[in-house]
>>> print(open('run_5.pdb').read())   # PDB, C-alpha atoms, pLDDT in the B column
ATOM      1  CA  MET A  21      90.039 -40.667  39.712  1.00 43.00           C
ATOM      2  CA  GLU A  22      89.637 -39.705  36.066  1.00 44.00           C
ATOM      3  CA  SER A  23      86.977 -37.157  35.194  1.00 45.00           C
ATOM      4  CA  LEU A  24      83.565 -38.458  34.118  1.00 50.00           C
ATOM      5  CA  GLY A  25      82.372 -34.980  33.179  1.00 42.00           C
ATOM      6  CA  ALA A  26      82.619 -35.431  29.422  1.00 40.00           C
ATOM      7  CA  HIS A  27      79.485 -34.914  27.388  1.00 39.00           C
ATOM      8  CA  VAL A  28      79.481 -38.615  26.410  1.00 43.00           C
ATOM      9  CA  LEU A  29      81.054 -41.125  28.791  1.00 61.00           C
ATOM     10  CA  ALA A  30      84.049 -42.996  27.432  1.00 81.00           C
ATOM     11  CA  ARG A  31      83.577 -46.722  26.889  1.00 87.00           C
ATOM     12  CA  TYR A  32      85.927 -47.634  29.742  1.00 89.00           C
ATOM     13  CA  ALA A  33      83.859 -45.474  32.111  1.00 87.00           C
ATOM     14  CA  THR A  34      80.601 -47.192  31.154  1.00 87.00           C
ATOM     15  CA  ILE A  35      82.265 -50.574  31.741  1.00 90.00           C
ATOM     16  CA  ALA A  36      83.473 -49.424  35.166  1.00 89.00           C
ATOM     17  CA  ILE A  37      79.936 -48.301  36.020  1.00 89.00           C
ATOM     18  CA  ASP A  38      78.528 -51.648  34.884  1.00 89.00           C
ATOM     19  CA  ILE A  39      80.996 -53.623  37.027  1.00 90.00           C
ATOM     20  CA  ALA A  40      80.295 -51.370  40.032  1.00 89.00           C
ATOM     21  CA  THR A  41      76.562 -51.900  39.501  1.00 89.00           C
ATOM     22  CA  ARG A  42      77.033 -55.665  39.533  1.00 88.00           C
ATOM     23  CA  ILE A  43      79.020 -55.389  42.777  1.00 88.00           C
ATOM     24  CA  VAL A  44      76.255 -53.335  44.393  1.00 88.00           C
ATOM     25  CA  ARG A  45      73.654 -55.891  43.234  1.00 87.00           C
ATOM     26  CA  GLY A  46      75.696 -58.661  44.824  1.00 87.00           C
ATOM     27  CA  GLU A  47      76.668 -60.410  41.609  1.00 88.00           C
ATOM     28  CA  TYR A  48      80.285 -59.870  42.634  1.00 88.00           C
ATOM     29  CA  ARG A  49      80.922 -60.073  46.393  1.00 90.00           C
ATOM     30  CA  GLU A  50      83.686 -58.566  48.479  1.00 91.00           C
ATOM     31  CA  GLY A  51      86.781 -60.772  48.371  1.00 89.00           C
ATOM     32  CA  GLN A  52      85.597 -62.479  45.212  1.00 88.00           C
ATOM     33  CA  LYS A  53      87.926 -62.688  42.260  1.00 87.00           C
ATOM     34  CA  VAL A  54      86.395 -61.160  39.128  1.00 80.00           C
ATOM     35  CA  PHE A  55      87.169 -62.495  35.672  1.00 76.00           C
ATOM     36  CA  GLY A  56      90.563 -61.617  34.240  1.00 79.00           C
ATOM     37  CA  ARG A  57      91.214 -58.829  31.782  1.00 80.00           C
ATOM     38  CA  SER A  58      91.041 -61.029  28.701  1.00 82.00           C
ATOM     39  CA  THR A  59      87.695 -62.479  29.753  1.00 84.00           C
ATOM     40  CA  LEU A  60      86.313 -59.000  30.502  1.00 86.00           C
ATOM     41  CA  ALA A  61      87.610 -57.726  27.152  1.00 87.00           C
ATOM     42  CA  GLY A  62      85.699 -60.509  25.410  1.00 88.00           C
ATOM     43  CA  LYS A  63      82.601 -59.986  27.559  1.00 88.00           C
ATOM     44  CA  TYR A  64      82.380 -56.272  26.721  1.00 89.00           C
ATOM     45  CA  ASN A  65      83.804 -56.672  23.220  1.00 91.00           C
ATOM     46  CA  VAL A  66      86.540 -54.083  23.760  1.00 91.00           C
ATOM     47  CA  SER A  67      90.313 -54.019  23.705  1.00 91.00           C
ATOM     48  CA  PRO A  68      92.406 -55.079  26.736  1.00 88.00           C
ATOM     49  CA  GLU A  69      93.545 -51.458  27.030  1.00 91.00           C
ATOM     50  CA  THR A  70      89.953 -50.323  27.530  1.00 91.00           C
ATOM     51  CA  ILE A  71      89.510 -52.951  30.258  1.00 90.00           C
ATOM     52  CA  ARG A  72      92.766 -51.841  31.859  1.00 90.00           C
ATOM     53  CA  ARG A  73      91.508 -48.257  32.058  1.00 91.00           C
ATOM     54  CA  ALA A  74      88.171 -49.384  33.494  1.00 91.00           C
ATOM     55  CA  LEU A  75      89.878 -51.477  36.182  1.00 91.00           C
ATOM     56  CA  THR A  76      92.290 -48.632  36.969  1.00 91.00           C
ATOM     57  CA  LEU A  77      89.300 -46.365  37.530  1.00 90.00           C
ATOM     58  CA  LEU A  78      87.693 -48.950  39.838  1.00 91.00           C
ATOM     59  CA  GLN A  79      90.937 -49.480  41.720  1.00 92.00           C
ATOM     60  CA  ASP A  80      91.530 -45.737  42.149  1.00 91.00           C
ATOM     61  CA  THR A  81      88.092 -45.429  43.758  1.00 90.00           C
ATOM     62  CA  GLY A  82      88.751 -48.341  46.129  1.00 92.00           C
ATOM     63  CA  ILE A  83      86.221 -50.700  44.579  1.00 91.00           C
ATOM     64  CA  VAL A  84      88.592 -53.438  43.418  1.00 92.00           C
ATOM     65  CA  GLN A  85      92.184 -54.485  43.928  1.00 91.00           C
ATOM     66  CA  VAL A  86      94.202 -55.408  40.845  1.00 88.00           C
ATOM     67  CA  SER A  87      97.246 -57.528  41.696  1.00 83.00           C
ATOM     68  CA  PRO A  88      99.700 -59.147  39.251  1.00 78.00           C
ATOM     69  CA  GLY A  89      99.400 -62.922  39.404  1.00 76.00           C
ATOM     70  CA  VAL A  90      96.212 -62.694  41.459  1.00 77.00           C
ATOM     71  CA  GLY A  91      93.818 -60.790  39.213  1.00 82.00           C
ATOM     72  CA  VAL A  92      90.925 -58.516  40.018  1.00 88.00           C
ATOM     73  CA  VAL A  93      89.396 -58.870  43.486  1.00 90.00           C
ATOM     74  CA  VAL A  94      86.323 -57.021  44.756  1.00 92.00           C
ATOM     75  CA  LYS A  95      87.424 -54.809  47.614  1.00 91.00           C
ATOM     76  CA  SER A  96      84.441 -52.678  48.761  1.00 91.00           C
ATOM     77  CA  GLN A  97      80.727 -52.694  48.028  1.00 90.00           C
ATOM     78  CA  LYS A  98      80.294 -49.342  49.819  1.00 91.00           C
ATOM     79  CA  ALA A  99      82.933 -47.781  47.571  1.00 90.00           C
ATOM     80  CA  ALA A 100      80.972 -49.086  44.584  1.00 89.00           C
ATOM     81  CA  GLU A 101      77.791 -47.501  45.964  1.00 88.00           C
ATOM     82  CA  ALA A 102      79.568 -44.168  46.482  1.00 90.00           C
ATOM     83  CA  PHE A 103      81.025 -44.344  42.976  1.00 88.00           C
ATOM     84  CA  LEU A 104      77.606 -44.934  41.401  1.00 87.00           C
ATOM     85  CA  ALA A 105      76.075 -42.123  43.460  1.00 86.00           C
ATOM     86  CA  GLU A 106      78.746 -39.732  42.234  1.00 84.00           C
ATOM     87  CA  CYS A 107      78.242 -40.890  38.652  1.00 82.00           C
ATOM     88  CA  GLY A 108      74.505 -40.286  39.025  1.00 76.00           C
ATOM     89  CA  GLN A 109      75.085 -36.783  40.330  1.00 71.00           C
ATOM     90  CA  ARG A 110      77.465 -36.080  37.480  1.00 72.00           C
ATOM     91  CA  GLN A 111      74.894 -37.384  35.004  1.00 70.00           C
ATOM     92  CA  VAL A 112      72.248 -35.062  36.451  1.00 63.00           C
ATOM     93  CA  LEU A 113      74.694 -32.186  36.155  1.00 65.00           C
ATOM     94  CA  ARG A 114      75.502 -33.115  32.565  1.00 71.00           C
ATOM     95  CA  ASP A 115      71.809 -33.312  31.699  1.00 65.00           C
ATOM     96  CA  MET A 116      71.202 -29.872  33.224  1.00 73.00           C
ATOM     97  CA  GLN A 117      74.165 -28.406  31.364  1.00 76.00           C
ATOM     98  CA  ASP A 118      72.988 -29.945  28.090  1.00 77.00           C
ATOM     99  CA  ARG A 119      69.482 -28.562  28.586  1.00 81.00           C
ATOM    100  CA  LEU A 120      70.872 -25.131  29.454  1.00 83.00           C
ATOM    101  CA  HIS A 121      73.007 -25.120  26.312  1.00 86.00           C
ATOM    102  CA  ARG A 122      69.993 -26.106  24.207  1.00 87.00           C
ATOM    103  CA  LEU A 123      67.886 -23.344  25.744  1.00 87.00           C
ATOM    104  CA  LEU A 124      70.634 -20.782  25.199  1.00 89.00           C
ATOM    105  CA  ARG A 125      70.876 -21.776  21.547  1.00 90.00           C
ATOM    106  CA  GLU A 126      67.102 -21.540  21.218  1.00 90.00           C
ATOM    107  CA  ARG A 127      67.131 -18.137  22.941  1.00 90.00           C
ATOM    108  CA  ASP A 128      69.800 -16.839  20.555  1.00 90.00           C
ATOM    109  CA  LYS A 129      67.731 -18.084  17.625  1.00 90.00           C
ATOM    110  CA  VAL A 130      64.575 -16.415  18.964  1.00 90.00           C
ATOM    111  CA  ASN A 131      66.464 -13.154  19.628  1.00 88.00           C
ATOM    112  CA  ALA A 132      67.790 -13.194  16.069  1.00 89.00           C
ATOM    113  CA  GLU A 133      64.267 -13.735  14.713  1.00 89.00           C
ATOM    114  CA  ILE A 134      62.918 -10.923  16.923  1.00 87.00           C
ATOM    115  CA  GLU A 135      65.617  -8.528  15.715  1.00 86.00           C
ATOM    116  CA  LYS A 136      64.917  -9.450  12.096  1.00 87.00           C
ATOM    117  CA  LEU A 137      61.171  -8.957  12.550  1.00 85.00           C
ATOM    118  CA  MET A 138      61.693  -5.605  14.293  1.00 82.00           C
ATOM    119  CA  ASN A 139      63.852  -4.393  11.402  1.00 82.00           C
ATOM    120  CA  GLU A 140      61.239  -5.541   8.911  1.00 83.00           C
ATOM    121  CA  LEU A 141      58.531  -3.795  10.953  1.00 79.00           C
ATOM    122  CA  LEU A 142      60.489  -0.547  11.028  1.00 75.00           C
ATOM    123  CA  ASP A 143      61.099  -0.686   7.288  1.00 76.00           C
ATOM    124  CA  TYR A 144      57.429  -1.387   6.651  1.00 71.00           C
ATOM    125  CA  THR A 145      56.362   1.408   9.020  1.00 67.00           C
ATOM    126  CA  PHE A 146      58.541   3.930   7.211  1.00 65.00           C
ATOM    127  CA  LYS A 147      57.209   2.794   3.850  1.00 64.00           C
ATOM    128  CA  MET A 148      53.622   3.001   5.090  1.00 61.00           C
ATOM    129  CA  ALA A 149      54.259   6.438   6.590  1.00 59.00           C
ATOM    130  CA  GLY A 150      55.539   7.597   3.222  1.00 56.00           C
ATOM    131  CA  SER A 151      52.501   6.252   1.421  1.00 54.00           C
ATOM    132  CA  LEU A 152      49.903   7.339   3.966  1.00 60.00           C
ATOM    133  CA  GLN A 153      51.139  10.910   4.493  1.00 67.00           C
ATOM    134  CA  ARG A 154      52.223  13.568   2.063  1.00 79.00           C
ATOM    135  CA  ILE A 155      53.912  16.907   2.382  1.00 82.00           C
ATOM    136  CA  GLU A 156      51.673  19.858   1.507  1.00 85.00           C
ATOM    137  CA  GLU A 157      52.737  23.478   1.068  1.00 91.00           C
ATOM    138  CA  ILE A 158      49.878  25.849   1.816  1.00 92.00           C
ATOM    139  CA  LYS A 159      50.089  29.643   1.757  1.00 94.00           C
ATOM    140  CA  VAL A 160      48.161  31.460   4.463  1.00 94.00           C
ATOM    141  CA  LEU A 161      45.763  33.931   2.800  1.00 93.00           C
ATOM    142  CA  PRO A 162      44.837  37.313   4.344  1.00 93.00           C
ATOM    143  CA  THR A 163      41.347  35.923   4.977  1.00 92.00           C
ATOM    144  CA  SER A 164      42.656  32.859   6.872  1.00 93.00           C
ATOM    145  CA  PRO A 165      40.914  32.315  10.219  1.00 93.00           C
ATOM    146  CA  LEU A 166      44.275  31.204  11.619  1.00 94.00           C
ATOM    147  CA  VAL A 167      46.041  34.553  11.188  1.00 94.00           C
ATOM    148  CA  GLY A 168      47.104  35.720  14.628  1.00 95.00           C
ATOM    149  CA  LYS A 169      46.659  32.281  16.198  1.00 94.00           C
ATOM    150  CA  SER A 170      49.441  30.063  17.471  1.00 95.00           C
ATOM    151  CA  LEU A 171      50.059  26.587  16.076  1.00 94.00           C
ATOM    152  CA  ALA A 172      48.760  25.144  19.335  1.00 93.00           C
ATOM    153  CA  GLU A 173      45.523  27.110  18.989  1.00 94.00           C
ATOM    154  CA  ALA A 174      45.166  25.967  15.374  1.00 92.00           C
ATOM    155  CA  GLU A 175      45.056  22.318  16.546  1.00 92.00           C
ATOM    156  CA  PHE A 176      46.432  20.872  13.326  1.00 91.00           C
ATOM    157  CA  ARG A 177      47.011  17.398  14.737  1.00 87.00           C
ATOM    158  CA  ALA A 178      43.686  17.145  16.551  1.00 89.00           C
ATOM    159  CA  LYS A 179      41.598  18.360  13.618  1.00 89.00           C
ATOM    160  CA  THR A 180      43.453  16.965  10.596  1.00 86.00           C
ATOM    161  CA  GLY A 181      46.070  14.531  11.936  1.00 84.00           C
ATOM    162  CA  SER A 182      48.773  16.698  10.332  1.00 87.00           C
ATOM    163  CA  THR A 183      52.060  18.180  11.541  1.00 89.00           C
ATOM    164  CA  VAL A 184      53.597  21.528  10.611  1.00 91.00           C
ATOM    165  CA  LEU A 185      57.189  20.733   9.632  1.00 89.00           C
ATOM    166  CA  SER A 186      58.307  24.272   8.873  1.00 92.00           C
ATOM    167  CA  ILE A 187      57.137  27.795   8.006  1.00 94.00           C
ATOM    168  CA  TYR A 188      58.516  29.939   5.190  1.00 94.00           C
ATOM    169  CA  ARG A 189      58.244  33.604   6.204  1.00 93.00           C
ATOM    170  CA  SER A 190      59.791  36.611   4.472  1.00 91.00           C
ATOM    171  CA  GLY A 191      62.404  34.494   2.728  1.00 89.00           C
ATOM    172  CA  GLU A 192      63.376  32.622   5.878  1.00 91.00           C
ATOM    173  CA  GLU A 193      62.473  29.124   7.018  1.00 90.00           C
ATOM    174  CA  ILE A 194      61.405  28.308  10.554  1.00 93.00           C
ATOM    175  CA  LEU A 195      62.186  24.622  11.045  1.00 89.00           C
ATOM    176  CA  SER A 196      60.150  22.609  13.544  1.00 88.00           C
ATOM    177  CA  PRO A 197      58.270  25.684  14.764  1.00 92.00           C
ATOM    178  CA  ARG A 198      57.253  25.783  18.402  1.00 92.00           C
ATOM    179  CA  ALA A 199      53.660  25.366  19.466  1.00 93.00           C
ATOM    180  CA  ASP A 200      53.468  29.037  20.474  1.00 95.00           C
ATOM    181  CA  THR A 201      54.588  30.233  17.018  1.00 95.00           C
ATOM    182  CA  VAL A 202      51.945  32.663  15.723  1.00 96.00           C
ATOM    183  CA  ILE A 203      50.679  32.179  12.185  1.00 96.00           C
ATOM    184  CA  GLN A 204      50.957  35.281   9.990  1.00 95.00           C
ATOM    185  CA  GLU A 205      49.453  36.369   6.700  1.00 94.00           C
ATOM    186  CA  GLY A 206      51.579  35.223   3.781  1.00 95.00           C
ATOM    187  CA  ASP A 207      53.215  32.347   5.689  1.00 95.00           C
ATOM    188  CA  ALA A 208      53.831  29.214   3.662  1.00 94.00           C
ATOM    189  CA  LEU A 209      53.121  26.208   5.880  1.00 94.00           C
ATOM    190  CA  ILE A 210      54.929  22.972   5.069  1.00 92.00           C
ATOM    191  CA  VAL A 211      52.622  20.318   6.474  1.00 90.00           C
ATOM    192  CA  LEU A 212      52.835  16.515   6.664  1.00 85.00           C
ATOM    193  CA  ALA A 213      49.280  15.272   6.339  1.00 84.00           C
ATOM    194  CA  PRO A 214      47.222  12.233   5.299  1.00 82.00           C
ATOM    195  CA  PRO A 215      46.187  12.737   1.650  1.00 80.00           C
ATOM    196  CA  GLU A 216      42.536  11.963   2.372  1.00 81.00           C
ATOM    197  CA  LEU A 217      42.426  14.941   4.779  1.00 82.00           C
ATOM    198  CA  LYS A 218      43.900  17.408   2.309  1.00 84.00           C
ATOM    199  CA  GLU A 219      40.599  19.246   1.856  1.00 87.00           C
ATOM    200  CA  GLN A 220      40.049  19.517   5.588  1.00 88.00           C
ATOM    201  CA  LEU A 221      43.580  20.894   5.970  1.00 89.00           C
ATOM    202  CA  HIS A 222      43.009  23.615   3.356  1.00 90.00           C
ATOM    203  CA  THR A 223      39.649  24.455   4.889  1.00 91.00           C
ATOM    204  CA  LEU A 224      41.233  24.735   8.355  1.00 91.00           C
ATOM    205  CA  ILE A 225      43.977  27.066   7.142  1.00 92.00           C
ATOM    206  CA  ASN A 226      42.141  29.299   4.680  1.00 90.00           C
ATOM    207  CA  GLY A 227      38.474  28.500   5.198  1.00 83.00           C
ATOM    208  CA  THR A 228      38.127  27.347   1.593  1.00 72.00           C
ATOM    209  CA  LEU A 229      39.051  24.374  -0.574  1.00 53.00           C
ATOM    210  CA  PRO A 230      42.143  24.620  -2.791  1.00 51.00           C
ATOM    211  CA  GLN A 231      41.503  26.079  -6.227  1.00 50.00           C
TER     212      GLN A 231
END
>>> encode(input="run_5.pdb", output="structure tokens")
Amino acid sequence: MESLGAHVLARYATIAIDIATRIVRGEYREGQKVFGRSTLAGKYNVSPETIRRALTLLQDTGIVQVSPGVGVVVKSQKAAEAFLAECGQRQVLRDMQDRLHRLLRERDKVNAEIEKLMNELLDYTFKMAGSLQRIEEIKVLPTSPLVGKSLAEAEFRAKTGSTVLSIYRSGEEILSPRADTVIQEGDALIVLAPPELKEQLHTLINGTLPQ
């Protein structure tokens, strides 16, 4: 039996299904001679070769018997029923496969849109971070209330929403200082802070507003 698993059934296959359906309905009875190939070709408006392939399919499945000089004779109604049942199952399978392929294409499209949006969001976030926060360099005065306190005790983030990026001390730079790093007189604090909290930051570090 030739495969009926193609995405779109070939014309000869649809003709075979139609003839089998007529047999199951009783239009063609077992032992009855069906029209010849030429008549069927005219009935379905196809070439004799297409009819030949349809009849070969029906004969291979035991539905009809094609004999030279005799013609096409209906052989088994049960075989026709089994053939149609198999075709129906194959159609269901094809429909499920088609739907799965459509969903996979839609999923790929959605994933691509999600990835694009995430990249745009990251770019926007970085741009916003650059515009909403600025780097400040503030020297710790001898009168600073933070002298002798650790960064954790100073509570930069809690009080001003800022982050100490580094500390310049005696010609050396302490990058990403630890929370237990003690602030000393003369330290230059490199701080990332929201511009609207600049005054609060200076007040926290030195107790006074910048001159």
>>> closest_atom_pairs(input="run_5.pdb", of="segment 54-87 of chain A", to="segment 97-118 of chain A", cutoff="7 Å", atoms="only C-alpha atoms", output="tab-separated table")
residue	atom	partner	partner_atom	distance
A:Thr81	CA	A:Ala99	CA	6.8
A:Gly82	CA	A:Ala99	CA	6.0
A:Ile83	CA	A:Ala99	CA	5.3
>>> atom_distance(input="run_5.pdb", atom1="atom CA of Lys169 of chain A", atom2="atom CA of Pro214 of chain A")
22.8 Å
>>> residues_near_point(input="run_5.pdb", point="(92.1, -51.4, 28.0)", cutoff="12 Å", atoms="only C-alpha atoms", output="compact mmCIF listing (two decimals) with C-alpha atoms, in the frame of the given file")
# COMPACT_ATOMS: atom_id res chain seq x y z
CA ALA A 30 84.05 -43.00 27.43
CA ARG A 31 83.58 -46.72 26.89
CA TYR A 32 85.93 -47.63 29.74
CA ALA A 33 83.86 -45.47 32.11
CA ILE A 35 82.26 -50.57 31.74
CA ALA A 36 83.47 -49.42 35.17
CA ARG A 57 91.21 -58.83 31.78
CA SER A 58 91.04 -61.03 28.70
CA LEU A 60 86.31 -59.00 30.50
CA ALA A 61 87.61 -57.73 27.15
CA GLY A 62 85.70 -60.51 25.41
CA TYR A 64 82.38 -56.27 26.72
CA ASN A 65 83.80 -56.67 23.22
CA VAL A 66 86.54 -54.08 23.76
CA SER A 67 90.31 -54.02 23.70
CA PRO A 68 92.41 -55.08 26.74
CA GLU A 69 93.54 -51.46 27.03
CA THR A 70 89.95 -50.32 27.53
CA ILE A 71 89.51 -52.95 30.26
CA ARG A 72 92.77 -51.84 31.86
CA ARG A 73 91.51 -48.26 32.06
CA ALA A 74 88.17 -49.38 33.49
CA LEU A 75 89.88 -51.48 36.18
CA THR A 76 92.29 -48.63 36.97
CA LEU A 77 89.30 -46.36 37.53
>>> atom_distance(input="run_5.pdb", atom1="atom CA of Val90 of chain A", atom2="atom CA of Arg45 of chain A")
23.6 Å
>>> atom_distance(input="run_5.pdb", atom1="atom CA of Ser170 of chain A", atom2="atom CA of Thr183 of chain A")
13.5 Å
>>> residues_around(input="run_5.pdb", residues="Gly91 of chain A", least_positions_apart="4", cutoff="9 Å", atoms="only C-alpha atoms", output="list in words")
Lys53, Val54, Phe55, Gly56, Arg57, Gln85, Val86 and Ser87 of chain A
>>> residues_around(input="run_5.pdb", residues="Leu161 of chain A", least_positions_apart="6", cutoff="9 Å", atoms="only C-alpha atoms", output="PyMOL selection string")
chain A and resi 167+204-207+225-226
>>> residues_around(input="run_5.pdb", residues="Ile210 of chain A", least_positions_apart="3", cutoff="12 Å", atoms="all atoms listed in the file", output="PDB file with C-alpha atoms, in the coordinates of the input")
ATOM      1  CA  ARG A 154      52.223  13.568   2.063  1.00 79.00           C
ATOM      2  CA  ILE A 155      53.912  16.907   2.382  1.00 82.00           C
ATOM      3  CA  GLU A 156      51.673  19.858   1.507  1.00 85.00           C
ATOM      4  CA  GLU A 157      52.737  23.478   1.068  1.00 91.00           C
ATOM      5  CA  ILE A 158      49.878  25.849   1.816  1.00 92.00           C
ATOM      6  CA  LYS A 159      50.089  29.643   1.757  1.00 94.00           C
ATOM      7  CA  VAL A 160      48.161  31.460   4.463  1.00 94.00           C
ATOM      8  CA  SER A 182      48.773  16.698  10.332  1.00 87.00           C
ATOM      9  CA  THR A 183      52.060  18.180  11.541  1.00 89.00           C
ATOM     10  CA  VAL A 184      53.597  21.528  10.611  1.00 91.00           C
ATOM     11  CA  LEU A 185      57.189  20.733   9.632  1.00 89.00           C
ATOM     12  CA  SER A 186      58.307  24.272   8.873  1.00 92.00           C
ATOM     13  CA  ILE A 187      57.137  27.795   8.006  1.00 94.00           C
ATOM     14  CA  TYR A 188      58.516  29.939   5.190  1.00 94.00           C
ATOM     15  CA  ARG A 189      58.244  33.604   6.204  1.00 93.00           C
ATOM     16  CA  GLU A 193      62.473  29.124   7.018  1.00 90.00           C
ATOM     17  CA  ILE A 194      61.405  28.308  10.554  1.00 93.00           C
ATOM     18  CA  LEU A 195      62.186  24.622  11.045  1.00 89.00           C
ATOM     19  CA  SER A 196      60.150  22.609  13.544  1.00 88.00           C
ATOM     20  CA  PRO A 197      58.270  25.684  14.764  1.00 92.00           C
ATOM     21  CA  ASP A 207      53.215  32.347   5.689  1.00 95.00           C
ATOM     22  CA  ALA A 213      49.280  15.272   6.339  1.00 84.00           C
ATOM     23  CA  LEU A 221      43.580  20.894   5.970  1.00 89.00           C
ATOM     24  CA  ILE A 225      43.977  27.066   7.142  1.00 92.00           C
TER      25      ILE A 225
END
>>> residues_around(input="run_5.pdb", residues="Thr228 of chain A", least_positions_apart="6", cutoff="10 Å", atoms="only C-alpha atoms", output="VMD selection string")
chain A and resid 163 to 164 219 to 222
>>> residues_near_point(input="run_5.pdb", point="(46.9, 30.6, 16.9)", cutoff="9 Å", atoms="all atoms listed in the file", output="PDB file with C-alpha atoms, keeping the file's coordinate frame")
ATOM      1  CA  LEU A 166      44.275  31.204  11.619  1.00 94.00           C
ATOM      2  CA  VAL A 167      46.041  34.553  11.188  1.00 94.00           C
ATOM      3  CA  GLY A 168      47.104  35.720  14.628  1.00 95.00           C
ATOM      4  CA  LYS A 169      46.659  32.281  16.198  1.00 94.00           C
ATOM      5  CA  SER A 170      49.441  30.063  17.471  1.00 95.00           C
ATOM      6  CA  LEU A 171      50.059  26.587  16.076  1.00 94.00           C
ATOM      7  CA  ALA A 172      48.760  25.144  19.335  1.00 93.00           C
ATOM      8  CA  GLU A 173      45.523  27.110  18.989  1.00 94.00           C
ATOM      9  CA  ALA A 174      45.166  25.967  15.374  1.00 92.00           C
ATOM     10  CA  GLU A 175      45.056  22.318  16.546  1.00 92.00           C
ATOM     11  CA  ALA A 199      53.660  25.366  19.466  1.00 93.00           C
ATOM     12  CA  ASP A 200      53.468  29.037  20.474  1.00 95.00           C
ATOM     13  CA  THR A 201      54.588  30.233  17.018  1.00 95.00           C
ATOM     14  CA  VAL A 202      51.945  32.663  15.723  1.00 96.00           C
ATOM     15  CA  ILE A 203      50.679  32.179  12.185  1.00 96.00           C
TER      16      ILE A 203
END
>>> closest_residue(input="run_5.pdb", among="A:Lys136, A:Gly89, A:Ala178, A:Leu78", to="Thr41 of chain A", atoms="only C-alpha atoms")
A:Leu78
>>> residues_around(input="run_5.pdb", residues="Glu50 of chain A", least_positions_apart="3", cutoff="7 Å", atoms="only C-alpha atoms", output="PDB file with C-alpha atoms, in the frame of the given file")
ATOM      1  CA  VAL A  94      86.323 -57.021  44.756  1.00 92.00           C
ATOM      2  CA  LYS A  95      87.424 -54.809  47.614  1.00 91.00           C
ATOM      3  CA  SER A  96      84.441 -52.678  48.761  1.00 91.00           C
ATOM      4  CA  GLN A  97      80.727 -52.694  48.028  1.00 90.00           C
TER       5      GLN A  97
END
>>> closest_residue(input="run_5.pdb", among="A:Pro215, A:Arg198, A:Leu141, A:Ala208", to="Gly181 of chain A", atoms="only C-alpha atoms")
A:Pro215
>>> build_atoms(input="run_5.pdb", residues="segment 204-217 of chain A", atoms="N, CA and C atoms", output="CSV table (one decimal), in the coordinates of the input")
chain,number,residue,atom,x,y,z
A,204,GLN,N,51.1,34.0,10.6
A,204,GLN,CA,51.0,35.3,10.0
A,204,GLN,C,50.5,35.2,8.5
A,205,GLU,N,49.9,36.3,8.1
A,205,GLU,CA,49.5,36.4,6.7
A,205,GLU,C,50.7,36.2,5.8
A,206,GLY,N,50.5,35.4,4.7
A,206,GLY,CA,51.6,35.2,3.8
A,206,GLY,C,52.5,34.1,4.1
A,207,ASP,N,52.4,33.5,5.3
A,207,ASP,CA,53.2,32.3,5.7
A,207,ASP,C,52.9,31.2,4.7
A,208,ALA,N,54.0,30.5,4.4
A,208,ALA,CA,53.8,29.2,3.7
A,208,ALA,C,54.1,28.1,4.6
A,209,LEU,N,53.0,27.3,4.9
A,209,LEU,CA,53.1,26.2,5.9
A,209,LEU,C,53.5,24.9,5.1
A,210,ILE,N,54.5,24.3,5.6
A,210,ILE,CA,54.9,23.0,5.1
A,210,ILE,C,54.4,21.9,6.0
A,211,VAL,N,53.4,21.2,5.6
A,211,VAL,CA,52.6,20.3,6.5
A,211,VAL,C,52.7,18.9,6.0
A,212,LEU,N,52.9,17.9,7.0
A,212,LEU,CA,52.8,16.5,6.7
A,212,LEU,C,51.4,16.0,7.1
A,213,ALA,N,50.7,15.6,6.1
A,213,ALA,CA,49.3,15.3,6.3
A,213,ALA,C,48.8,14.1,5.6
A,214,PRO,N,47.8,13.3,6.1
A,214,PRO,CA,47.2,12.2,5.3
A,214,PRO,C,46.5,12.8,4.1
A,215,PRO,N,46.7,12.2,2.9
A,215,PRO,CA,46.2,12.7,1.6
A,215,PRO,C,44.7,12.8,1.7
A,216,GLU,N,44.0,11.9,2.4
A,216,GLU,CA,42.5,12.0,2.4
A,216,GLU,C,42.0,13.1,3.2
A,217,LEU,N,42.9,13.8,4.0
A,217,LEU,CA,42.4,14.9,4.8
A,217,LEU,C,42.9,16.3,4.2
